[in-house]
Amino acid sequence: MDELILKPDRERSLQRAHPWVFSGAIAKINGNPLPGETVLVLDHAGNFLATAAYSPASQIRARVWSRNQQEVIDRSFFERKIRAAIQLREDIGYLPLKENQFSAVRLIHAESDGLPGLVVDRYHNTLSAQFLSAGATFWKETIASILLEQTDCSGIYERSDADVLGMEGLPEINAPLIGEVNPRELIHEHAIAYQVDIASGHKTGFYLDQRDNRADLMINASGREVLNCFCYTGGFSLAAMRGGANSVTSIDSSESALMLARENVVLNGFESIPQEWIEDNVFTRLRDFRDRRRSFDLIVLDPPKFASNAAQVQRAARAYKDINLLALKLLRPGGLLYSFSCSGGVNPELFQKIVAGADADAASEAVILRQLRQSADHPVSLAFPEGAYLKGLVVRKPD
């Protein structure tokens with residue numbers, strides 16, 4: 001097996017169970033491994049540290065499969081890992097799926113499930129999978145076969161079309177992978193039905209990570225006029241309607257997402273609830289609302305990722321502050337702001353600081369009621385804090 005030899009004193013993160021080996025930590029490579037092949041990672045003295053998947057194009061040059069020198073990376077390895085991931089979801093009550101209650105779940109959450117670069121969501125009878133690393137791609141056919149064996153799903157749709165594929169030197173793929181797949185699936189969550197566009201939707205089709213946060217909003221929506229920004233296919237909008245909101249205004253720049261959101265309204269029989277669906281740039285429309293002195297009782301800010309890496313954090317911070325400042329100005333006294341960031345480069349402390357800066361500029365003197373995170377089927381390894389990408393604040397503006 002080919003070997004990666006680390007520079008002196010560069011083994012500490014691996015010894016703390018972090019799953020990444022960066023290119024700058026490597027002193028030399030013994031052999032000529034292909035993309036995705038399994039390599040041995042050794043410290044400078046030649047001591048075993050891990051087996052890992054090699055990725056020559058990425059700054060993350062290797063992703064750890066195992067720290068057990070006796071463990072062979074073969075089909076049985078992936079069978080055990082996938083079974084363990086499914087078992088976790090069973091243990092925390094996300095599986096088996098409950099028809100007409102909860103019929104979607106994240107089955108595999110990449111590094112935090114010990115399968116770097118692999119993301120798998122289950123939407124009713126279809127799996128939507130992302131193979132986002134050289135190692136996951138190398139073992140794609142094996143993984144796909146095991147997934148169908150260990151679930152009762154009919155097929156897998158591949159959504160390996162994220163920006164990170166370019167950094168891995170891999171092509172983007174959006175196509176059925178194996179079995180019979182439905183490009184759309186009907187799922188249920190908190191007594192709400194959603195049509196999920198697996199083939200063309202964001203990420204794997206839907207934002208399952210916001211499941212618990214939609215439930216939190218539902219409890220607090222009663223009697224309020226709600227504004228949902230970056231609404232996508234209406235997740236928070238429909239939760240507000242189910243929760244008894246007086247009216248819901250939703251903004252997104254995607255015509256197709258808004259069309260599906262309206263279909264979801266009809267699907268749930270919410271047509272009689274006063275609602276407005278606006279196709280526009282959120283920043284532009286919020287400024288228009290400010291100038292026209294519109295106001296709301298509850299505002300949701302759930303934007304797409306503003307920072308994909310550390311170099312983009314400063315620009316992202318300005319964007320987050322801008323939308324939070326506008327939202328706080330639109331929020332009525334006693335109103336609630338649900339503000340989120342899914343940018344991995346923006347940690348919870350920085351995000352809170354950004355929102356606090358917006359609050360100071362708005363002179364609203366708001367308080368944090370709750371801090372929100374991704375749902376439990378998106379676990380976070382203690383050794384891999386990068387897995388905690390979603391952070392949110394529920395902020396209340398004083399009366």
# chains A, B, ... in the order shown; residues from 1 in each chain; ligands from 1
call {"tool": "residues_around", "arguments": {"residues": "Thr51 of chain A", "least_positions_apart": "4", "cutoff": "10 Å", "atoms": "only C-alpha atoms", "output": "count of residues only"}}
result
20
call {"tool": "select_by_dssp", "arguments": {"residues": "segment 165-385 of chain A", "states": "alpha helix (DSSP H)", "output": "PyMOL selection string"}}
result
chain A and resi 165-167+211-220+235-242+255-268+282-291+313-330+348-362
call {"tool": "residues_around", "arguments": {"residues": "Pro35 of chain A", "least_positions_apart": "2", "cutoff": "9 Å", "atoms": "only C-alpha atoms", "output": "ChimeraX atom specification"}}
result
/A:33,37-38,53-57,134-135,138
call {"tool": "closest_atom_pairs", "arguments": {"of": "segment 123-199 of chain A", "to": "segment 104-109 of chain A", "cutoff": "7 Å", "atoms": "only C-alpha atoms", "output": "JSON lines"}}
result
{"residue": "A:Tyr123", "atom": "CA", "partner": "A:Ala104", "partner_atom": "CA", "distance": 4.6}
{"residue": "A:His124", "atom": "CA", "partner": "A:Ala104", "partner_atom": "CA", "distance": 5.8}
{"residue": "A:Ile187", "atom": "CA", "partner": "A:Ala104", "partner_atom": "CA", "distance": 6.2}
call {"tool": "write_last_selection", "arguments": {"atoms": "N, CA and C atoms", "output": "mmCIF file, in the first residue's frame"}}
result
data_model
loop_
_atom_site.group_PDB
_atom_site.id
_atom_site.type_symbol
_atom_site.label_atom_id
_atom_site.label_comp_id
_atom_site.auth_asym_id
_atom_site.auth_seq_id
_atom_site.Cartn_x
_atom_site.Cartn_y
_atom_site.Cartn_z
ATOM 1 N N TYR A 123 -35.562 10.262 1.005
ATOM 2 C CA TYR A 123 -36.860 10.894 0.811
ATOM 3 C C TYR A 123 -37.863 9.796 0.460
ATOM 4 N N HIS A 124 -38.601 9.366 1.467
ATOM 5 C CA HIS A 124 -39.579 8.293 1.288
ATOM 6 C C HIS A 124 -38.904 7.054 0.704
ATOM 7 N N ILE A 187 -42.899 13.908 0.798
ATOM 8 C CA ILE A 187 -42.518 13.586 2.164
ATOM 9 C C ILE A 187 -43.444 14.317 3.137
#
call {"tool": "closest_residue", "arguments": {"among": "A:Arg396, A:Lys28, A:Arg370, A:Lys98", "to": "Leu328 of chain A", "atoms": "only C-alpha atoms"}}
result
A:Arg396
call {"tool": "decode", "arguments": {"residues": "segment 14-70 of chain A", "atoms": "C-alpha atoms", "output": "mmCIF file, in the first residue's frame"}}
result
data_model
loop_
_atom_site.group_PDB
_atom_site.id
_atom_site.type_symbol
_atom_site.label_atom_id
_atom_site.label_comp_id
_atom_site.auth_asym_id
_atom_site.auth_seq_id
_atom_site.Cartn_x
_atom_site.Cartn_y
_atom_site.Cartn_z
ATOM 1 C CA LEU A 14 -4.785 12.906 13.495
ATOM 2 C CA GLN A 15 -3.926 11.738 17.000
ATOM 3 C CA ARG A 16 -6.909 13.791 18.184
ATOM 4 C CA ALA A 17 -9.058 11.897 15.649
ATOM 5 C CA HIS A 18 -9.518 14.732 13.134
ATOM 6 C CA PRO A 19 -10.199 13.097 9.744
ATOM 7 C CA TRP A 20 -8.248 15.375 7.393
ATOM 8 C CA VAL A 21 -4.630 15.469 6.221
ATOM 9 C CA PHE A 22 -3.722 18.723 4.486
ATOM 10 C CA SER A 23 -1.194 18.896 1.669
ATOM 11 C CA GLY A 24 1.133 21.130 3.698
ATOM 12 C CA ALA A 25 1.517 18.430 6.357
ATOM 13 C CA ILE A 26 2.964 15.860 3.930
ATOM 14 C CA ALA A 27 6.726 15.428 3.663
ATOM 15 C CA LYS A 28 6.738 12.808 0.909
ATOM 16 C CA ILE A 29 4.681 10.143 -0.831
ATOM 17 C CA ASN A 30 6.005 6.610 -1.246
ATOM 18 C CA GLY A 31 4.364 5.243 -4.361
ATOM 19 C CA ASN A 32 1.985 6.688 -6.915
ATOM 20 C CA PRO A 33 -1.570 6.362 -5.539
ATOM 21 C CA LEU A 34 -4.526 7.037 -7.806
ATOM 22 C CA PRO A 35 -7.329 9.435 -6.787
ATOM 23 C CA GLY A 36 -9.446 7.786 -4.102
ATOM 24 C CA GLU A 37 -7.112 4.867 -3.467
ATOM 25 C CA THR A 38 -6.418 3.855 0.096
ATOM 26 C CA VAL A 39 -3.030 4.891 1.485
ATOM 27 C CA LEU A 40 -1.214 4.518 4.781
ATOM 28 C CA VAL A 41 -0.597 7.733 6.706
ATOM 29 C CA LEU A 42 2.609 7.550 8.755
ATOM 30 C CA ASP A 43 4.306 10.025 11.060
ATOM 31 C CA HIS A 44 7.831 11.249 10.277
ATOM 32 C CA ALA A 45 9.323 8.297 12.157
ATOM 33 C CA GLY A 46 7.289 5.802 10.161
ATOM 34 C CA ASN A 47 4.694 4.997 12.809
ATOM 35 C CA PHE A 48 1.159 4.147 11.629
ATOM 36 C CA LEU A 49 -1.476 6.845 12.084
ATOM 37 C CA ALA A 50 -4.351 5.939 9.777
ATOM 38 C CA THR A 51 -5.581 4.542 6.501
ATOM 39 C CA ALA A 52 -7.067 7.209 4.286
ATOM 40 C CA ALA A 53 -8.417 8.014 0.830
ATOM 41 C CA TYR A 54 -5.904 9.900 -1.331
ATOM 42 C CA SER A 55 -6.988 13.057 -3.179
ATOM 43 C CA PRO A 56 -4.174 14.561 -5.299
ATOM 44 C CA ALA A 57 -6.147 17.609 -6.492
ATOM 45 C CA SER A 58 -7.421 18.772 -3.117
ATOM 46 C CA GLN A 59 -5.764 20.785 -0.368
ATOM 47 C CA ILE A 60 -7.252 18.096 1.867
ATOM 48 C CA ARG A 61 -4.850 15.540 0.477
ATOM 49 C CA ALA A 62 -6.250 12.576 2.402
ATOM 50 C CA ARG A 63 -9.405 11.765 4.352
ATOM 51 C CA VAL A 64 -9.241 9.155 7.075
ATOM 52 C CA TRP A 65 -11.130 5.874 6.785
ATOM 53 C CA SER A 66 -9.746 4.143 9.876
ATOM 54 C CA ARG A 67 -7.225 4.448 12.705
ATOM 55 C CA ASN A 68 -7.146 0.700 13.198
ATOM 56 C CA GLN A 69 -4.083 -0.702 11.459
ATOM 57 C CA GLN A 70 -5.718 -4.130 11.228
#
